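What follows is the content of final_37.cif, which has mmCIF, C-alpha atoms:
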```
data_query
#
loop_
_atom_site.group_PDB
_atom_site.id
_atom_site.type_symbol
_atom_site.label_atom_id
_atom_site.label_comp_id
_atom_site.auth_asym_id
_atom_site.auth_seq_id
_atom_site.Cartn_x
_atom_site.Cartn_y
_atom_site.Cartn_z
ATOM 1 C CA MET A 1 -27.322 -11.960 14.526
ATOM 2 C CA GLU A 2 -24.477 -9.865 13.188
ATOM 3 C CA ALA A 3 -20.971 -10.271 14.516
ATOM 4 C CA PRO A 4 -19.718 -7.278 16.503
ATOM 5 C CA VAL A 5 -17.393 -4.914 14.689
ATOM 6 C CA PHE A 6 -14.181 -4.049 16.454
ATOM 7 C CA SER A 7 -11.791 -1.347 15.406
ATOM 8 C CA ALA A 8 -8.176 -1.267 16.442
ATOM 9 C CA ARG A 9 -6.577 1.765 18.022
ATOM 10 C CA SER A 10 -2.935 2.776 17.812
ATOM 11 C CA VAL A 11 -1.474 2.132 21.260
ATOM 12 C CA PRO A 12 1.990 3.526 22.097
ATOM 13 C CA LEU A 13 4.506 0.904 23.255
ATOM 14 C CA LEU A 14 6.898 2.061 25.962
ATOM 15 C CA ALA A 15 9.760 0.479 27.843
ATOM 16 C CA MET A 16 9.279 0.397 31.627
ATOM 17 C CA HIS A 17 11.890 3.134 32.074
ATOM 18 C CA GLU A 18 9.991 5.336 29.599
ATOM 19 C CA ALA A 19 6.759 4.842 31.566
ATOM 20 C CA ALA A 20 8.683 5.990 34.645
ATOM 21 C CA ASP A 21 9.082 9.394 32.982
ATOM 22 C CA LEU A 22 5.330 9.901 32.582
ATOM 23 C CA PRO A 23 3.973 12.503 34.998
ATOM 24 C CA THR A 24 0.525 11.203 34.050
ATOM 25 C CA PRO A 25 -0.547 8.339 31.775
ATOM 26 C CA ALA A 26 -2.432 10.809 29.571
ATOM 27 C CA VAL A 27 0.848 11.870 27.931
ATOM 28 C CA ALA A 28 1.938 8.333 26.952
ATOM 29 C CA ALA A 29 0.961 8.923 23.326
ATOM 30 C CA HIS A 30 3.669 11.591 23.084
ATOM 31 C CA HIS A 31 6.397 9.270 24.391
ATOM 32 C CA GLY A 32 5.931 6.139 22.316
ATOM 33 C CA ARG A 33 8.289 5.593 19.397
ATOM 34 C CA GLN A 34 6.599 2.327 18.521
ATOM 35 C CA HIS A 35 2.886 1.583 18.373
ATOM 36 C CA LEU A 36 0.679 -1.502 18.410
ATOM 37 C CA ALA A 37 -2.700 -1.846 16.747
ATOM 38 C CA PHE A 38 -4.963 -3.158 19.473
ATOM 39 C CA VAL A 39 -8.676 -3.302 20.177
ATOM 40 C CA VAL A 40 -9.149 -1.208 23.307
ATOM 41 C CA GLU A 41 -11.746 1.407 24.196
ATOM 42 C CA ASP A 42 -9.652 3.506 26.589
ATOM 43 C CA GLU A 43 -8.284 6.460 24.624
ATOM 44 C CA GLN A 44 -5.418 6.814 27.128
ATOM 45 C CA ALA A 45 -4.344 3.178 26.756
ATOM 46 C CA PHE A 46 -0.678 2.413 26.249
ATOM 47 C CA ALA A 47 1.509 -0.673 26.345
ATOM 48 C CA VAL A 48 4.706 -1.440 28.238
ATOM 49 C CA ARG A 49 7.278 -4.131 27.612
ATOM 50 C CA ILE A 50 7.911 -5.822 30.939
ATOM 51 C CA ASN A 51 11.463 -6.101 32.162
ATOM 52 C CA GLY A 52 12.793 -7.877 35.223
ATOM 53 C CA GLU A 53 11.569 -10.968 37.022
ATOM 54 C CA ALA A 54 9.360 -9.445 39.734
ATOM 55 C CA MET A 55 6.169 -10.844 38.191
ATOM 56 C CA ALA A 56 7.637 -14.090 36.813
ATOM 57 C CA PRO A 57 6.593 -16.709 35.941
ATOM 58 C CA HIS A 58 3.111 -15.353 35.171
ATOM 59 C CA TYR A 59 4.362 -12.194 33.426
ATOM 60 C CA PRO A 60 7.896 -12.902 32.219
ATOM 61 C CA GLU A 61 10.405 -10.402 30.906
ATOM 62 C CA GLY A 62 9.548 -9.334 27.366
ATOM 63 C CA CYS A 63 5.819 -9.775 27.897
ATOM 64 C CA ILE A 64 3.707 -6.787 26.813
ATOM 65 C CA ALA A 65 1.056 -5.342 29.129
ATOM 66 C CA ILE A 66 -1.786 -3.139 27.898
ATOM 67 C CA ILE A 67 -2.427 -0.406 30.480
ATOM 68 C CA CYS A 68 -5.833 1.308 30.631
ATOM 69 C CA PRO A 69 -5.612 4.424 32.846
ATOM 70 C CA GLY A 70 -9.228 5.326 32.051
ATOM 71 C CA LEU A 71 -10.445 2.317 34.056
ATOM 72 C CA PRO A 72 -10.463 2.140 37.848
ATOM 73 C CA SER A 73 -8.083 -0.262 39.575
ATOM 74 C CA ARG A 74 -9.809 -2.936 41.634
ATOM 75 C CA ASN A 75 -8.588 -5.075 44.486
ATOM 76 C CA GLY A 76 -6.418 -7.897 43.112
ATOM 77 C CA ASP A 77 -5.804 -6.219 39.737
ATOM 78 C CA LEU A 78 -2.451 -6.316 38.031
ATOM 79 C CA VAL A 79 -1.427 -2.650 37.875
ATOM 80 C CA LEU A 80 1.360 -0.409 36.708
ATOM 81 C CA ALA A 81 2.203 1.963 39.552
ATOM 82 C CA ARG A 82 4.290 5.128 39.189
ATOM 83 C CA LEU A 83 5.896 5.944 42.536
ATOM 84 C CA ARG A 84 6.886 9.439 43.607
ATOM 85 C CA ASP A 85 10.616 10.116 43.550
ATOM 86 C CA GLU A 86 10.672 10.340 47.376
ATOM 87 C CA ARG A 87 9.394 6.757 47.436
ATOM 88 C CA GLY A 88 11.997 5.420 45.024
ATOM 89 C CA GLY A 89 10.502 6.680 41.773
ATOM 90 C CA GLY A 90 10.031 4.497 38.759
ATOM 91 C CA THR A 91 7.225 2.246 37.669
ATOM 92 C CA ILE A 92 6.495 -1.190 39.009
ATOM 93 C CA LEU A 93 4.140 -3.887 37.815
ATOM 94 C CA ARG A 94 2.411 -5.532 40.770
ATOM 95 C CA LEU A 95 -0.870 -6.891 42.091
ATOM 96 C CA VAL A 96 -2.710 -4.248 44.112
ATOM 97 C CA HIS A 97 -4.496 -4.873 47.400
ATOM 98 C CA PHE A 98 -6.368 -1.915 48.871
ATOM 99 C CA ILE A 99 -6.292 -1.618 52.661
ATOM 100 C CA GLN A 100 -9.575 -0.828 54.394
ATOM 101 C CA ASP A 101 -8.263 2.461 55.797
ATOM 102 C CA GLY A 102 -8.667 3.880 52.275
ATOM 103 C CA GLU A 103 -5.322 5.672 52.474
ATOM 104 C CA SER A 104 -2.870 2.875 51.767
ATOM 105 C CA LEU A 105 -2.387 -0.135 49.557
ATOM 106 C CA VAL A 106 -0.087 -3.111 49.206
ATOM 107 C CA LEU A 107 1.712 -3.887 45.948
ATOM 108 C CA THR A 108 2.698 -7.547 45.731
ATOM 109 C CA SER A 109 4.857 -9.541 43.372
ATOM 110 C CA THR A 110 4.293 -13.074 42.131
ATOM 111 C CA HIS A 111 8.004 -13.778 42.684
ATOM 112 C CA ALA A 112 9.038 -14.782 46.220
ATOM 113 C CA ALA A 113 12.247 -12.723 46.067
ATOM 114 C CA TYR A 114 10.251 -9.461 46.010
ATOM 115 C CA PRO A 115 8.540 -8.594 49.315
ATOM 116 C CA PRO A 116 5.187 -6.776 49.396
ATOM 117 C CA LEU A 117 5.414 -2.992 49.335
ATOM 118 C CA THR A 118 2.944 -0.995 51.441
ATOM 119 C CA VAL A 119 2.483 2.567 50.212
ATOM 120 C CA GLN A 120 0.235 5.492 51.012
ATOM 121 C CA LYS A 121 -1.900 6.728 48.133
ATOM 122 C CA GLU A 122 0.011 10.005 48.322
ATOM 123 C CA ASP A 123 3.218 8.058 47.492
ATOM 124 C CA LEU A 124 1.832 7.329 44.016
ATOM 125 C CA LEU A 125 1.845 9.667 41.044
ATOM 126 C CA TRP A 126 -0.561 7.310 39.300
ATOM 127 C CA LEU A 127 -1.865 3.770 39.274
ATOM 128 C CA ALA A 128 -3.481 2.085 36.263
ATOM 129 C CA PRO A 129 -4.804 -1.429 35.654
ATOM 130 C CA VAL A 130 -3.434 -3.894 33.138
ATOM 131 C CA THR A 131 -6.275 -5.226 31.016
ATOM 132 C CA VAL A 132 -4.336 -7.560 28.698
ATOM 133 C CA SER A 133 -0.942 -9.227 28.702
ATOM 134 C CA LEU A 134 0.707 -10.637 25.606
ATOM 135 C CA ARG A 135 3.655 -12.967 25.406
ATOM 136 C CA HIS A 136 5.574 -14.701 22.675
ATOM 137 C CA LEU A 137 5.187 -18.441 22.839
ATOM 138 C CA ARG A 138 7.967 -19.103 20.340
#
```
I'd like the structure from this file rewritten - as structure tokens, please.
Amino acid sequence: MEAPVFSARSVPLLAMHEAADLPTPAVAAHHGRQHLAFVVEDEQAFAVRINGEAMAPHYPEGCIAIICPGLPSRNGDLVLARLRDERGGGTILRLVHFIQDGESLVLTSTHAAYPPLTVQKEDLLWLAPVTVSLRHLR
């Protein structure tokens, strides 16, 4: 049996504030000044360097998250959410929990200091799952 062959793709690396400027994840490739070579099938994939403590200790500041907008977000996924300006704007990294009404969702942090945020789907510009997180151990 032959070993599978994987080929790396150039994935743009953005700061969280740069991801907040993306009207859609499809344009991430045009915003990245740095790139990572990473094995990922999603052609729209990009990476963000996490800042802040909202997802600590599981995803500490400086950790890198690989975002795959071409994949659907599922209940319980770690996601990068881009909020509409009327809802505070910016991007946040949270766990997503879809509410049965189909119109709203709850974004939760792993850090107790950050309360859950309930939003309507219309309050989001986009939502994309994190498929990999990388952190420096030394």
Residues in the PyMOL selection byres ((chain A and resi 45) around 10), expressed as a PDB file with C-alpha atoms, in the frame of the given file:
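Saved file out-v1.pdb follows:
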```pdb
ATOM      1  CA  ARG A   9      -6.577   1.765  18.022  1.00  0.00           C
ATOM      2  CA  SER A  10      -2.935   2.776  17.812  1.00  0.00           C
ATOM      3  CA  VAL A  11      -1.474   2.132  21.260  1.00  0.00           C
ATOM      4  CA  PRO A  12       1.990   3.526  22.097  1.00  0.00           C
ATOM      5  CA  LEU A  13       4.506   0.904  23.255  1.00  0.00           C
ATOM      6  CA  PRO A  25      -0.547   8.339  31.775  1.00  0.00           C
ATOM      7  CA  ALA A  26      -2.432  10.809  29.571  1.00  0.00           C
ATOM      8  CA  ALA A  28       1.938   8.333  26.952  1.00  0.00           C
ATOM      9  CA  ALA A  29       0.961   8.923  23.326  1.00  0.00           C
ATOM     10  CA  PHE A  38      -4.963  -3.158  19.473  1.00  0.00           C
ATOM     11  CA  VAL A  40      -9.149  -1.208  23.307  1.00  0.00           C
ATOM     12  CA  GLU A  41     -11.746   1.407  24.196  1.00  0.00           C
ATOM     13  CA  ASP A  42      -9.652   3.506  26.589  1.00  0.00           C
ATOM     14  CA  GLU A  43      -8.284   6.460  24.624  1.00  0.00           C
ATOM     15  CA  GLN A  44      -5.418   6.814  27.128  1.00  0.00           C
ATOM     16  CA  PHE A  46      -0.678   2.413  26.249  1.00  0.00           C
ATOM     17  CA  ALA A  47       1.509  -0.673  26.345  1.00  0.00           C
ATOM     18  CA  ILE A  66      -1.786  -3.139  27.898  1.00  0.00           C
ATOM     19  CA  ILE A  67      -2.427  -0.406  30.480  1.00  0.00           C
ATOM     20  CA  CYS A  68      -5.833   1.308  30.631  1.00  0.00           C
ATOM     21  CA  PRO A  69      -5.612   4.424  32.846  1.00  0.00           C
ATOM     22  CA  GLY A  70      -9.228   5.326  32.051  1.00  0.00           C
ATOM     23  CA  LEU A  71     -10.445   2.317  34.056  1.00  0.00           C
ATOM     24  CA  ALA A 128      -3.481   2.085  36.263  1.00  0.00           C
ATOM     25  CA  VAL A 130      -3.434  -3.894  33.138  1.00  0.00           C
ATOM     26  CA  THR A 131      -6.275  -5.226  31.016  1.00  0.00           C
TER      27      THR A 131
END
```
* When distances are computed from all atoms listed in the file, which of A:Leu117, A:Glu103, A:Ala112, A:Pro4 shows the smallest separation from Gly88 (chain A)? ->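 Closest to Gly88 (chain A) of all the choices is A:Leu117.
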What are the centre and the three edge lengths of an axis-aligned box that wraps all atoms of region 118-126 of chain A in the file, given that 4 Å is added to every side, written as AutoDock Vina command-line options and rounded to one decimal in Å?
```
--center_x 0.7 --center_y 4.5 --center_z 45.4 --size_x 13.1 --size_y 19.0 --size_z 20.1
```
* To do: Report as a VMD selection string the full result of the PyMOL selection byres ((chain A and resi 78) around 6) when it is applied to this structure.
  => chain A and resid 77 79 94 to 95 129 to 130
* Asked: Care to translate the PyMOL selection byres ((chain A and resi 92) around 9) into actual residues of this file, as number ranges by chain?
  -> A: 16, 20, 54, 79-83, 90-91, 93-94, 107
* Provide the CA of Glu53 (chain A) to CA of His136 (chain A) distance in Å, to one decimal place. => 16.0 Å
* To do: Find the residue from A:Arg87, A:Val27, A:Val39, A:Leu22 that sits nearest to Ala8 (chain A); use all atoms listed in the file when measuring.
  =>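 Ranked by minimum distance to Ala8 (chain A), first place goes to A:Val39.
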* With all atoms listed in the file as the atoms that count, which of A:Ser73, A:Asn51, A:Gln100, A:Ser133 lies nearest to His17 (chain A)? ->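 Distance minimum relative to His17 (chain A) lands on A:Asn51.
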* Gap from CA of Arg33 (chain A) to CA of Val132 (chain A) - Å, one decimal ->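 CA of Val132 (chain A) lies 20.5 Å from CA of Arg33 (chain A).
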